[in-house]
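Undergrad: So that you have it, the file is start-v5.pdb, and it contains PDB, C-alpha atoms and all ligand atoms:
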```pdb
ATOM      1  CA  MET P  24      17.747  -6.195   1.508
ATOM      2  CA  ILE P  25      20.590  -4.020   2.686
ATOM      3  CA  GLU P  26      23.691  -5.499   4.237
ATOM      4  CA  VAL P  27      26.192  -3.284   6.002
ATOM      5  CA  LYS P  28      29.560  -4.910   6.572
ATOM      6  CA  ASN P  29      32.305  -3.664   8.817
ATOM      7  CA  LEU P  30      32.023   0.080   8.113
ATOM      8  CA  THR P  31      34.925   2.133   9.385
ATOM      9  CA  LYS P  32      35.618   5.837   9.135
ATOM     10  CA  SER P  33      38.372   7.772  10.870
ATOM     11  CA  LEU P  34      39.439  11.401  11.002
ATOM     12  CA  PRO P  35      42.949  12.286   9.761
ATOM     13  CA  ASN P  36      44.001  12.585  13.436
ATOM     14  CA  GLY P  37      43.142   8.913  13.895
ATOM     15  CA  ARG P  38      39.886   9.361  15.827
ATOM     16  CA  LYS P  39      37.521   6.559  14.844
ATOM     17  CA  LEU P  40      34.057   7.842  13.974
ATOM     18  CA  LEU P  41      32.741   4.467  12.763
ATOM     19  CA  ASP P  42      34.364   1.322  14.027
ATOM     20  CA  GLY P  43      33.273  -1.921  12.396
ATOM     21  CA  ILE P  44      29.522  -1.341  12.022
ATOM     22  CA  SER P  45      27.705  -4.395  10.594
ATOM     23  CA  PHE P  46      23.994  -5.198  10.309
ATOM     24  CA  LYS P  47      21.391  -6.421   7.833
ATOM     25  CA  VAL P  48      17.889  -5.119   7.176
ATOM     26  CA  LYS P  49      15.371  -7.075   5.131
ATOM     27  CA  LYS P  50      12.103  -6.094   3.538
ATOM     28  CA  GLY P  51       9.474  -6.333   6.268
ATOM     29  CA  GLU P  52      11.770  -4.819   8.882
ATOM     30  CA  PHE P  53      11.623  -1.346  10.393
ATOM     31  CA  VAL P  54      14.933  -0.916  12.198
ATOM     32  CA  GLY P  55      15.469   1.926  14.644
ATOM     33  CA  ILE P  56      18.994   3.178  15.323
ATOM     34  CA  LEU P  57      19.482   4.574  18.825
ATOM     35  CA  GLY P  58      22.533   6.036  20.501
ATOM     36  CA  PRO P  59      23.818   9.128  22.269
ATOM     37  CA  SER P  60      24.567  12.342  20.436
ATOM     38  CA  GLY P  61      27.740  12.117  18.369
ATOM     39  CA  ALA P  62      27.675   8.289  18.380
ATOM     40  CA  GLY P  63      27.832   7.965  14.588
ATOM     41  CA  LYS P  64      24.150   7.379  13.717
ATOM     42  CA  THR P  65      23.898  10.024  10.990
ATOM     43  CA  LEU P  66      27.302   9.041   9.595
ATOM     44  CA  THR P  67      26.081   5.448   9.332
ATOM     45  CA  LEU P  68      22.929   6.560   7.528
ATOM     46  CA  ARG P  69      25.014   8.710   5.177
ATOM     47  CA  CYS P  70      27.064   5.638   4.272
ATOM     48  CA  LEU P  71      23.820   3.759   3.594
ATOM     49  CA  ASN P  72      22.762   6.187   0.872
ATOM     50  CA  GLY P  73      26.232   6.695  -0.538
ATOM     51  CA  LEU P  74      26.642  10.292   0.638
ATOM     52  CA  LEU P  75      29.677   9.309   2.670
ATOM     53  CA  LYS P  76      32.342   6.871   1.565
ATOM     54  CA  PRO P  77      33.656   4.809   4.466
ATOM     55  CA  ASP P  78      37.401   4.112   4.757
ATOM     56  CA  SER P  79      36.579   0.421   4.552
ATOM     57  CA  GLY P  80      33.572  -1.872   4.608
ATOM     58  CA  SER P  81      30.629  -2.275   2.295
ATOM     59  CA  VAL P  82      26.948  -1.443   1.905
ATOM     60  CA  ILE P  83      25.339  -4.057  -0.283
ATOM     61  CA  ILE P  84      21.883  -3.447  -1.698
ATOM     62  CA  LYS P  85      20.030  -6.488  -2.976
ATOM     63  CA  SER P  86      16.718  -5.866  -4.666
ATOM     64  CA  GLU P  87      14.419  -8.367  -6.350
ATOM     65  CA  ASN P  88      15.034  -7.383  -9.963
ATOM     66  CA  SER P  89      18.717  -6.545  -9.947
ATOM     67  CA  GLN P  90      22.144  -7.855  -9.066
ATOM     68  CA  PRO P  91      23.459  -7.075  -5.569
ATOM     69  CA  LEU P  92      25.746  -4.069  -5.603
ATOM     70  CA  ASP P  93      28.072  -2.465  -3.136
ATOM     71  CA  ILE P  94      27.323   1.259  -3.096
ATOM     72  CA  CYS P  95      30.737   1.980  -1.576
ATOM     73  CA  LYS P  96      32.422   0.640  -4.713
ATOM     74  CA  ILE P  97      30.341   1.926  -7.645
ATOM     75  CA  ASP P  98      31.176   4.968  -9.770
ATOM     76  CA  LYS P  99      29.421   8.333  -9.392
ATOM     77  CA  ARG P 100      27.093   7.806 -12.323
ATOM     78  CA  GLU P 101      25.808   4.477 -11.054
ATOM     79  CA  LEU P 102      25.583   5.837  -7.525
ATOM     80  CA  ARG P 103      23.318   8.629  -8.798
ATOM     81  CA  ARG P 104      21.076   6.006 -10.398
ATOM     82  CA  VAL P 105      20.960   3.909  -7.215
ATOM     83  CA  ARG P 106      20.242   6.950  -5.047
ATOM     84  CA  GLN P 107      17.127   7.725  -7.067
ATOM     85  CA  LYS P 108      15.702   4.581  -5.519
ATOM     86  CA  ILE P 109      16.622   5.419  -1.932
ATOM     87  CA  GLY P 110      13.949   7.424  -0.138
ATOM     88  CA  VAL P 111      15.179   9.770   2.572
ATOM     89  CA  ILE P 112      13.185  11.560   5.253
ATOM     90  CA  PHE P 113      15.021  14.159   7.345
ATOM     91  CA  GLN P 114      14.345  15.919  10.600
ATOM     92  CA  GLY P 115      14.304  19.295   8.858
ATOM     93  CA  TYR P 116      11.900  18.140   6.113
ATOM     94  CA  HIS P 117      14.147  19.348   3.238
ATOM     95  CA  LEU P 118      11.165  20.646   1.301
ATOM     96  CA  VAL P 119      11.017  23.665  -1.004
ATOM     97  CA  LYS P 120       8.829  26.006   1.007
ATOM     98  CA  ARG P 121       7.652  28.195  -1.913
ATOM     99  CA  LEU P 122       6.341  25.201  -3.858
ATOM    100  CA  SER P 123       3.047  23.440  -3.206
ATOM    101  CA  ALA P 124       2.837  20.158  -1.313
ATOM    102  CA  LEU P 125       2.094  18.339  -4.588
ATOM    103  CA  GLU P 126       5.112  19.882  -6.351
ATOM    104  CA  ASN P 127       7.337  18.856  -3.458
ATOM    105  CA  VAL P 128       6.148  15.278  -3.781
ATOM    106  CA  MET P 129       6.882  15.316  -7.509
ATOM    107  CA  ILE P 130      10.405  16.582  -6.918
ATOM    108  CA  GLY P 131      11.098  13.166  -5.403
ATOM    109  CA  ARG P 132      11.122  11.712  -8.880
ATOM    110  CA  LEU P 133      12.931  14.492 -10.748
ATOM    111  CA  GLY P 134      16.088  12.417 -11.002
ATOM    112  CA  GLN P 135      14.182   9.633 -12.717
ATOM    113  CA  ILE P 136      12.699  11.584 -15.634
ATOM    114  CA  SER P 137      14.505  12.939 -18.692
ATOM    115  CA  THR P 138      16.345  16.253 -18.397
ATOM    116  CA  TRP P 139      14.133  18.172 -20.804
ATOM    117  CA  ARG P 140      11.019  17.051 -18.996
ATOM    118  CA  SER P 141      12.444  17.879 -15.564
ATOM    119  CA  MET P 142      13.481  21.359 -16.778
ATOM    120  CA  PHE P 143       9.838  22.239 -17.099
ATOM    121  CA  TYR P 144       8.570  20.046 -14.270
ATOM    122  CA  GLY P 145       7.077  18.153 -17.191
ATOM    123  CA  PHE P 146       5.226  15.443 -15.350
ATOM    124  CA  THR P 147       2.432  13.567 -17.078
ATOM    125  CA  ASP P 148      -1.138  13.617 -15.769
ATOM    126  CA  ALA P 149      -0.707  10.011 -14.665
ATOM    127  CA  GLU P 150       2.340  10.997 -12.607
ATOM    128  CA  ALA P 151       0.507  13.935 -11.044
ATOM    129  CA  GLU P 152      -2.330  11.591 -10.126
ATOM    130  CA  GLU P 153       0.134   9.158  -8.578
ATOM    131  CA  ALA P 154       1.718  11.981  -6.556
ATOM    132  CA  LEU P 155      -1.743  12.932  -5.336
ATOM    133  CA  LYS P 156      -2.326   9.329  -4.292
ATOM    134  CA  ALA P 157       0.909   9.437  -2.293
ATOM    135  CA  LEU P 158      -0.370  12.569  -0.536
ATOM    136  CA  ASP P 159      -3.674  10.819   0.070
ATOM    137  CA  GLN P 160      -1.814   7.935   1.710
ATOM    138  CA  VAL P 161      -0.494  10.366   4.326
ATOM    139  CA  LYS P 162      -3.870  12.150   4.571
ATOM    140  CA  MET P 163      -2.597  15.306   2.895
ATOM    141  CA  SER P 164      -4.413  15.304  -0.456
ATOM    142  CA  GLN P 165      -6.731  18.097   0.752
ATOM    143  CA  MET P 166      -3.661  20.313   1.175
ATOM    144  CA  ALA P 167      -1.964  19.341  -2.112
ATOM    145  CA  GLY P 168      -2.158  22.871  -3.546
ATOM    146  CA  MET P 169      -1.064  24.697  -0.416
ATOM    147  CA  GLN P 170       2.302  26.391  -0.246
ATOM    148  CA  THR P 171       4.509  24.064   1.758
ATOM    149  CA  GLY P 172       5.959  26.907   3.871
ATOM    150  CA  SER P 173       2.529  27.500   5.388
ATOM    151  CA  LEU P 174       2.122  23.913   6.623
ATOM    152  CA  SER P 175       2.725  22.787  10.214
ATOM    153  CA  GLY P 176       5.738  20.662  11.127
ATOM    154  CA  GLY P 177       3.689  17.459  11.236
ATOM    155  CA  GLU P 178       2.089  18.241   7.872
ATOM    156  CA  MET P 179       5.472  18.977   6.296
ATOM    157  CA  GLN P 180       6.816  15.685   7.571
ATOM    158  CA  ARG P 181       3.833  13.919   5.994
ATOM    159  CA  VAL P 182       4.684  15.615   2.668
ATOM    160  CA  SER P 183       8.252  14.288   3.058
ATOM    161  CA  ILE P 184       6.861  10.783   3.505
ATOM    162  CA  ALA P 185       4.609  11.199   0.454
ATOM    163  CA  ARG P 186       7.637  12.327  -1.553
ATOM    164  CA  ALA P 187       9.513   9.199  -0.499
ATOM    165  CA  ILE P 188       6.497   7.011  -1.357
ATOM    166  CA  PHE P 189       6.203   8.617  -4.810
ATOM    167  CA  GLN P 190       9.846   7.780  -5.469
ATOM    168  CA  SER P 191       8.851   4.074  -5.030
ATOM    169  CA  PRO P 192      12.186   3.401  -3.362
ATOM    170  CA  THR P 193      13.839   0.049  -2.719
ATOM    171  CA  LEU P 194      15.139   1.351   0.620
ATOM    172  CA  LEU P 195      13.821   4.029   2.979
ATOM    173  CA  LEU P 196      16.078   5.952   5.370
ATOM    174  CA  ALA P 197      14.932   8.444   7.990
ATOM    175  CA  ASP P 198      17.137  10.624  10.195
ATOM    176  CA  GLU P 199      15.259  11.799  13.279
ATOM    177  CA  PRO P 200      11.936  12.100  11.428
ATOM    178  CA  ILE P 201      10.002  12.812  14.626
ATOM    179  CA  SER P 202      12.435  14.937  16.606
ATOM    180  CA  ASN P 203      10.674  18.234  15.908
ATOM    181  CA  LEU P 204       7.171  16.917  16.515
ATOM    182  CA  ASP P 205       4.833  16.770  19.502
ATOM    183  CA  PRO P 206       4.018  13.268  20.824
ATOM    184  CA  SER P 207       0.745  12.995  18.928
ATOM    185  CA  ASN P 208       2.244  13.994  15.560
ATOM    186  CA  ALA P 209       5.245  11.791  16.273
ATOM    187  CA  LYS P 210       2.926   8.792  16.701
ATOM    188  CA  THR P 211       1.097   9.623  13.470
ATOM    189  CA  ILE P 212       4.382   9.723  11.566
ATOM    190  CA  MET P 213       5.568   6.421  13.094
ATOM    191  CA  LYS P 214       2.250   4.813  12.125
ATOM    192  CA  MET P 215       2.725   6.043   8.563
ATOM    193  CA  ILE P 216       6.333   4.903   8.245
ATOM    194  CA  LYS P 217       5.845   1.421   9.730
ATOM    195  CA  PRO P 218       3.661  -0.106   6.955
ATOM    196  CA  LEU P 219       6.144   1.088   4.310
ATOM    197  CA  SER P 220       8.519  -1.560   5.643
ATOM    198  CA  GLU P 221       6.277  -4.191   4.030
ATOM    199  CA  LEU P 222       7.434  -2.821   0.668
ATOM    200  CA  MET P 223      11.078  -2.012   1.420
ATOM    201  CA  PRO P 224      13.586  -2.178   4.290
ATOM    202  CA  VAL P 225      13.229   0.897   6.512
ATOM    203  CA  VAL P 226      16.034   2.256   8.706
ATOM    204  CA  GLY P 227      15.488   5.272  10.957
ATOM    205  CA  VAL P 228      17.492   7.160  13.554
ATOM    206  CA  PHE P 229      15.571   8.035  16.696
ATOM    207  CA  HIS P 230      16.099   9.572  20.104
ATOM    208  CA  GLN P 231      12.911   8.101  21.546
ATOM    209  CA  PRO P 232      13.391   4.506  22.803
ATOM    210  CA  GLU P 233       9.690   4.361  23.769
ATOM    211  CA  MET P 234       8.736   5.010  20.135
ATOM    212  CA  THR P 235      11.174   2.487  18.662
ATOM    213  CA  ALA P 236       9.954  -0.082  21.229
ATOM    214  CA  LYS P 237       6.408   0.419  19.993
ATOM    215  CA  TYR P 238       6.824   0.742  16.229
ATOM    216  CA  CYS P 239      10.154  -0.779  15.173
ATOM    217  CA  THR P 240      10.644  -4.480  14.509
ATOM    218  CA  ARG P 241      14.262  -4.285  15.685
ATOM    219  CA  VAL P 242      16.590  -1.819  17.330
ATOM    220  CA  ILE P 243      20.305  -1.358  16.918
ATOM    221  CA  ALA P 244      22.376   0.877  19.151
ATOM    222  CA  ILE P 245      25.549   2.709  18.220
ATOM    223  CA  LYS P 246      27.908   4.202  20.770
ATOM    224  CA  GLU P 247      31.274   5.818  20.050
ATOM    225  CA  GLY P 248      31.153   4.498  16.498
ATOM    226  CA  LYS P 249      30.578   0.889  17.568
ATOM    227  CA  LEU P 250      27.479  -1.233  17.278
ATOM    228  CA  ILE P 251      26.714  -2.270  20.844
ATOM    229  CA  TYR P 252      23.254  -3.821  20.458
ATOM    230  CA  ASP P 253      21.150  -5.454  17.759
ATOM    231  CA  GLY P 254      17.920  -7.116  18.766
ATOM    232  CA  ASP P 255      14.512  -6.826  20.390
ATOM    233  CA  PRO P 256      13.138  -3.279  20.148
ATOM    234  CA  LYS P 257      12.022  -3.388  23.783
ATOM    235  CA  LEU P 258      15.040  -2.442  25.859
ATOM    236  CA  SER P 259      15.529  -3.039  29.563
ATOM    237  CA  ASN P 260      16.527  -0.128  31.816
ATOM    238  CA  LYS P 261      19.940  -1.740  32.166
ATOM    239  CA  ARG P 262      20.345  -1.758  28.376
ATOM    240  CA  LEU P 263      19.193   1.861  28.128
ATOM    241  CA  GLU P 264      21.765   2.810  30.731
ATOM    242  CA  GLU P 265      24.455   1.014  28.743
ATOM    243  CA  ILE P 266      23.469   2.991  25.661
ATOM    244  CA  TYR P 267      22.890   6.403  27.159
ATOM    245  CA  GLY P 268      24.682   6.116  30.516
ATOM    246  CA  GLU P 269      27.452   8.617  30.023
ATOM    247  CA  GLU P 270      25.188  11.102  28.291
ATOM    248  CA  LEU P 271      22.702  10.944  31.169
ATOM    249  CA  GLU P 272      25.523  11.465  33.644
ATOM    250  CA  LEU P 273      26.690  14.495  31.690
ATOM    251  CA  ILE P 274      23.217  16.012  31.777
ATOM    252  CA  GLU P 275      23.062  15.478  35.541
ATOM    253  CA  GLN P 276      26.431  17.167  35.939
ATOM    254  CA  GLN P 277      25.303  20.137  33.869
ATOM    255  CA  GLU P 278      22.148  20.461  35.933
ATOM    256  CA  HIS P 279      24.254  20.315  39.068
ATOM    257  CA  MET P 280      26.436  23.131  37.704
ATOM    258  CA  ILE P 281      23.579  25.550  37.052
ATOM    259  CA  PRO P 282      23.083  26.762  40.665
ATOM    260  CA  VAL P 283      26.857  27.006  41.097
ATOM    261  CA  THR P 284      27.375  29.288  38.095
ATOM    262  CA  ALA P 285      24.186  31.242  38.875
ATOM    263  CA  LYS P 286      25.505  32.353  42.281
TER     264      LYS P 286
HETATM  265  N1  LIG P 301      32.548  16.004   8.446
HETATM  266  C1  LIG P 301      32.964  15.687   9.667
HETATM  267  N2  LIG P 301      34.214  15.990  10.060
HETATM  268  C2  LIG P 301      34.650  15.676  11.293
HETATM  269  N3  LIG P 301      33.912  15.049  12.225
HETATM  270  C3  LIG P 301      32.666  14.739  11.886
HETATM  271  C4  LIG P 301      32.112  15.024  10.599
HETATM  272  N4  LIG P 301      30.839  14.588  10.577
HETATM  273  C5  LIG P 301      30.612  14.062  11.787
HETATM  274  N5  LIG P 301      31.687  14.145  12.577
HETATM  275  C6  LIG P 301      31.799  13.656  13.949
HETATM  276  O1  LIG P 301      31.439  12.291  13.962
HETATM  277  C7  LIG P 301      30.740  11.965  15.141
HETATM  278  C8  LIG P 301      29.438  11.268  14.790
HETATM  279  O2  LIG P 301      28.576  12.189  14.142
HETATM  280  P1  LIG P 301      27.068  11.848  13.779
HETATM  281  O3  LIG P 301      26.530  13.035  13.045
HETATM  282  O4  LIG P 301      26.987  10.562  13.105
HETATM  283  O5  LIG P 301      26.407  11.751  15.230
HETATM  284  P2  LIG P 301      24.931  11.293  15.609
HETATM  285  O6  LIG P 301      25.041   9.982  16.293
HETATM  286  O7  LIG P 301      24.064  11.380  14.424
HETATM  287  O8  LIG P 301      24.548  12.396  16.709
HETATM  288  P3  LIG P 301      23.170  13.227  16.922
HETATM  289  O9  LIG P 301      22.282  12.324  17.724
HETATM  290  O10 LIG P 301      23.624  14.417  17.738
HETATM  291  O11 LIG P 301      22.631  13.603  15.593
HETATM  292  C9  LIG P 301      30.557  13.259  15.905
HETATM  293  O12 LIG P 301      31.500  13.344  16.928
HETATM  294  C10 LIG P 301      30.801  14.322  14.855
HETATM  295  O13 LIG P 301      31.315  15.487  15.438
HETATM  296 MG    MG P 302      22.545  12.679  13.813
END
```
Would it be possible to restate this file's structure as structure tokens?
Ligand SMILES: Nc1ncnc2c1ncn2[C@@H]1O[C@H](COP(=O)(O)OP(=O)(O)OP(=O)(O)O)[C@@H](O)[C@H]1O
Ligand SMILES: [Mg+2]
TA:
Amino acid sequence: MIEVKNLTKSLPNGRKLLDGISFKVKKGEFVGILGPSGAGKTLTLRCLNGLLKPDSGSVIIKSENSQPLDICKIDKRELRRVRQKIGVIFQGYHLVKRLSALENVMIGRLGQISTWRSMFYGFTDAEAEEALKALDQVKMSQMAGMQTGSLSGGEMQRVSIARAIFQSPTLLLADEPISNLDPSNAKTIMKMIKPLSELMPVVGVFHQPEMTAKYCTRVIAIKEGKLIYDGDPKLSNKRLEEIYGEELELIEQQEHMIPVTAK
């Protein structure tokens, strides 16, 4: 389980980027974070994997075989160890394009093997087989040997998921994993991420309320650094307006301005 308590982060000029964010995610849950651009979704996710230290608050990870620990309070060395067990899927895939799909999956575990072995990508046959199984789980084993740079966006995102699976993480985070994909590929990716929540808590940032309504078990919404909703993934139009209202208005204004400036 991951428990986020009262996260705050401000800029030196006093502007609050995160303002008292609190929520819990258990194994079995796939939580979607929604909110307008600049709301603080990515910052929240960065606090969850220890990439960003909040000014105050805590991120407590409780897993079955270890003591709960607050990743905002541990030293760098321990943080590195904890982060090896946090799977991350990004919008931009973050894959090494010149390496094969299989090699990219194996990279997911580089931090967990000894330095001399990692220097030579010294994975055992059993590990290679396991990586292949992870690719098979996302229906990519046929393309294991292909150079990742030649894969389509949807295929690359499936390799990212396989890499996270191979890491056997205790927590899975995803920042806009479907933003670059067409609706059909987006659905495929959501269908692949959802069952992983049976093994670990899954938290993802999305810009598609219709997708989170369908695949997430819960939705939270962040606006101007504050958590403004935590509940049923199916949101009413009124709720959507509360979340995105000002952004929608801004878009309308911009559209209105186009003919004026085009004159
Ligand atoms: N390193 C930084 N220094 C200053 N401001 C930052 C920094 N990182 C983020 N911000 C600001 O914090 C706010 C929240 O950023 P964040 O990346 O979390 O937004 P987001 O909700 O993920 O938006 P999007 O949907 O566009 O990805 C934004 O206004 C952003 O400009
Ligand atoms: Mg973001």
Undergrad: So, with all atoms listed in the file as the atoms that count, which of P:Leu40, P:Val128, P:Met234, P:Leu250 lies closest to Pro206 (chain P)?
TA: P:Met234
Undergrad: Which residues form the shell of 8 Å around ligand MG 302 (chain P) when you count all atoms listed in the file, given as a PyMOL selection string?
TA: chain P and resi 60-61+63-66+198-199+228
Undergrad: List every residue of chain P that has an atom at most 10 Å from any atom of ligand LIG 301 (chain P), and for each one report the closest atom pair and its distance in Å to one decimal, counting all atoms listed in the file, with rows sorted by chain and then by increasing residue number, as a tab-separated table.
TA:
```
residue	atom	partner	partner_atom	distance
P:Lys32	CA	P:LIG301	O1	9.1
P:Ser33	CA	P:LIG301	N3	8.6
P:Leu34	CA	P:LIG301	C2	6.4
P:Pro35	CA	P:LIG301	C2	9.1
P:Arg38	CA	P:LIG301	N3	9.0
P:Lys39	CA	P:LIG301	O1	8.4
P:Leu40	CA	P:LIG301	O1	5.2
P:Leu41	CA	P:LIG301	C8	7.8
P:Ile56	CA	P:LIG301	O6	9.2
P:Leu57	CA	P:LIG301	O6	8.2
P:Gly58	CA	P:LIG301	O6	6.3
P:Pro59	CA	P:LIG301	O9	5.8
P:Ser60	CA	P:LIG301	O10	3.5
P:Gly61	CA	P:LIG301	O5	3.4
P:Ala62	CA	P:LIG301	O6	3.8
P:Gly63	CA	P:LIG301	O4	3.1
P:Lys64	CA	P:LIG301	O6	3.8
P:Thr65	CA	P:LIG301	O7	3.7
P:Leu66	CA	P:LIG301	O4	3.8
P:Thr67	CA	P:LIG301	O4	6.4
P:Leu68	CA	P:LIG301	O4	8.0
P:Arg69	CA	P:LIG301	O4	8.4
P:Leu75	CA	P:LIG301	N1	9.3
P:Gln114	CA	P:LIG301	O11	9.9
P:Asp198	CA	P:LIG301	O7	8.2
P:Glu199	CA	P:LIG301	O11	7.9
P:Val228	CA	P:LIG301	O7	7.9
P:Phe229	CA	P:LIG301	O9	8.0
P:His230	CA	P:LIG301	O9	7.2
P:Ala244	CA	P:LIG301	O6	9.9
P:Ile245	CA	P:LIG301	O6	7.5
P:Lys246	CA	P:LIG301	O6	7.9
P:Glu247	CA	P:LIG301	C8	7.8
P:Gly248	CA	P:LIG301	C8	7.2
```
Undergrad: What is the distance, in Å and to one decimal place, between CA of Gly80 (chain P) and CA of Thr31 (chain P)?
TA: 6.4 Å
Undergrad: For Gln231 (chain P), please output as a PyMOL selection string all residues within 9 Å (counting all atoms listed in the file; exclusion window: fewer than 5 positions along the same chain).
TA: chain P and resi 57+201-202+236
Undergrad: In Å, how far is it from CA of Gly168 (chain P) to CA of Ile109 (chain P)?
TA: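 Interatomic distance, CA of Gly168 (chain P) to CA of Ile109 (chain P): 25.7 Å.
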Undergrad: Starting from the PyMOL selection byres (((chain P and resi 167) around 12) and not hetatm), expand the selection into actual residues of this file and give them as a PDB file with C-alpha atoms, in the frame of the given file.
TA:
```pdb
ATOM      1  CA  LEU P 122       6.341  25.201  -3.858  1.00  0.00           C
ATOM      2  CA  SER P 123       3.047  23.440  -3.206  1.00  0.00           C
ATOM      3  CA  ALA P 124       2.837  20.158  -1.313  1.00  0.00           C
ATOM      4  CA  LEU P 125       2.094  18.339  -4.588  1.00  0.00           C
ATOM      5  CA  GLU P 126       5.112  19.882  -6.351  1.00  0.00           C
ATOM      6  CA  ASN P 127       7.337  18.856  -3.458  1.00  0.00           C
ATOM      7  CA  VAL P 128       6.148  15.278  -3.781  1.00  0.00           C
ATOM      8  CA  MET P 129       6.882  15.316  -7.509  1.00  0.00           C
ATOM      9  CA  ALA P 151       0.507  13.935 -11.044  1.00  0.00           C
ATOM     10  CA  GLU P 152      -2.330  11.591 -10.126  1.00  0.00           C
ATOM     11  CA  ALA P 154       1.718  11.981  -6.556  1.00  0.00           C
ATOM     12  CA  LEU P 155      -1.743  12.932  -5.336  1.00  0.00           C
ATOM     13  CA  LYS P 156      -2.326   9.329  -4.292  1.00  0.00           C
ATOM     14  CA  ALA P 157       0.909   9.437  -2.293  1.00  0.00           C
ATOM     15  CA  LEU P 158      -0.370  12.569  -0.536  1.00  0.00           C
ATOM     16  CA  ASP P 159      -3.674  10.819   0.070  1.00  0.00           C
ATOM     17  CA  VAL P 161      -0.494  10.366   4.326  1.00  0.00           C
ATOM     18  CA  LYS P 162      -3.870  12.150   4.571  1.00  0.00           C
ATOM     19  CA  MET P 163      -2.597  15.306   2.895  1.00  0.00           C
ATOM     20  CA  SER P 164      -4.413  15.304  -0.456  1.00  0.00           C
ATOM     21  CA  GLN P 165      -6.731  18.097   0.752  1.00  0.00           C
ATOM     22  CA  MET P 166      -3.661  20.313   1.175  1.00  0.00           C
ATOM     23  CA  GLY P 168      -2.158  22.871  -3.546  1.00  0.00           C
ATOM     24  CA  MET P 169      -1.064  24.697  -0.416  1.00  0.00           C
ATOM     25  CA  GLN P 170       2.302  26.391  -0.246  1.00  0.00           C
ATOM     26  CA  THR P 171       4.509  24.064   1.758  1.00  0.00           C
ATOM     27  CA  SER P 173       2.529  27.500   5.388  1.00  0.00           C
ATOM     28  CA  LEU P 174       2.122  23.913   6.623  1.00  0.00           C
ATOM     29  CA  GLU P 178       2.089  18.241   7.872  1.00  0.00           C
ATOM     30  CA  MET P 179       5.472  18.977   6.296  1.00  0.00           C
ATOM     31  CA  ARG P 181       3.833  13.919   5.994  1.00  0.00           C
ATOM     32  CA  VAL P 182       4.684  15.615   2.668  1.00  0.00           C
ATOM     33  CA  ALA P 185       4.609  11.199   0.454  1.00  0.00           C
ATOM     34  CA  ARG P 186       7.637  12.327  -1.553  1.00  0.00           C
TER      35      ARG P 186
END
```
Undergrad: Quick one: distance from CA of Glu153 (chain P) to CA of Ser183 (chain P) in Å, one decimal?
TA: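 CA of Ser183 (chain P) lies at a distance of 15.1 Å from CA of Glu153 (chain P).
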Undergrad: From the list P:Ile266, P:Ile251, P:Cys239, P:Ile83, which residue is nearest Asp42 (chain P) when using only C-alpha atoms?
TA: P:Ile251
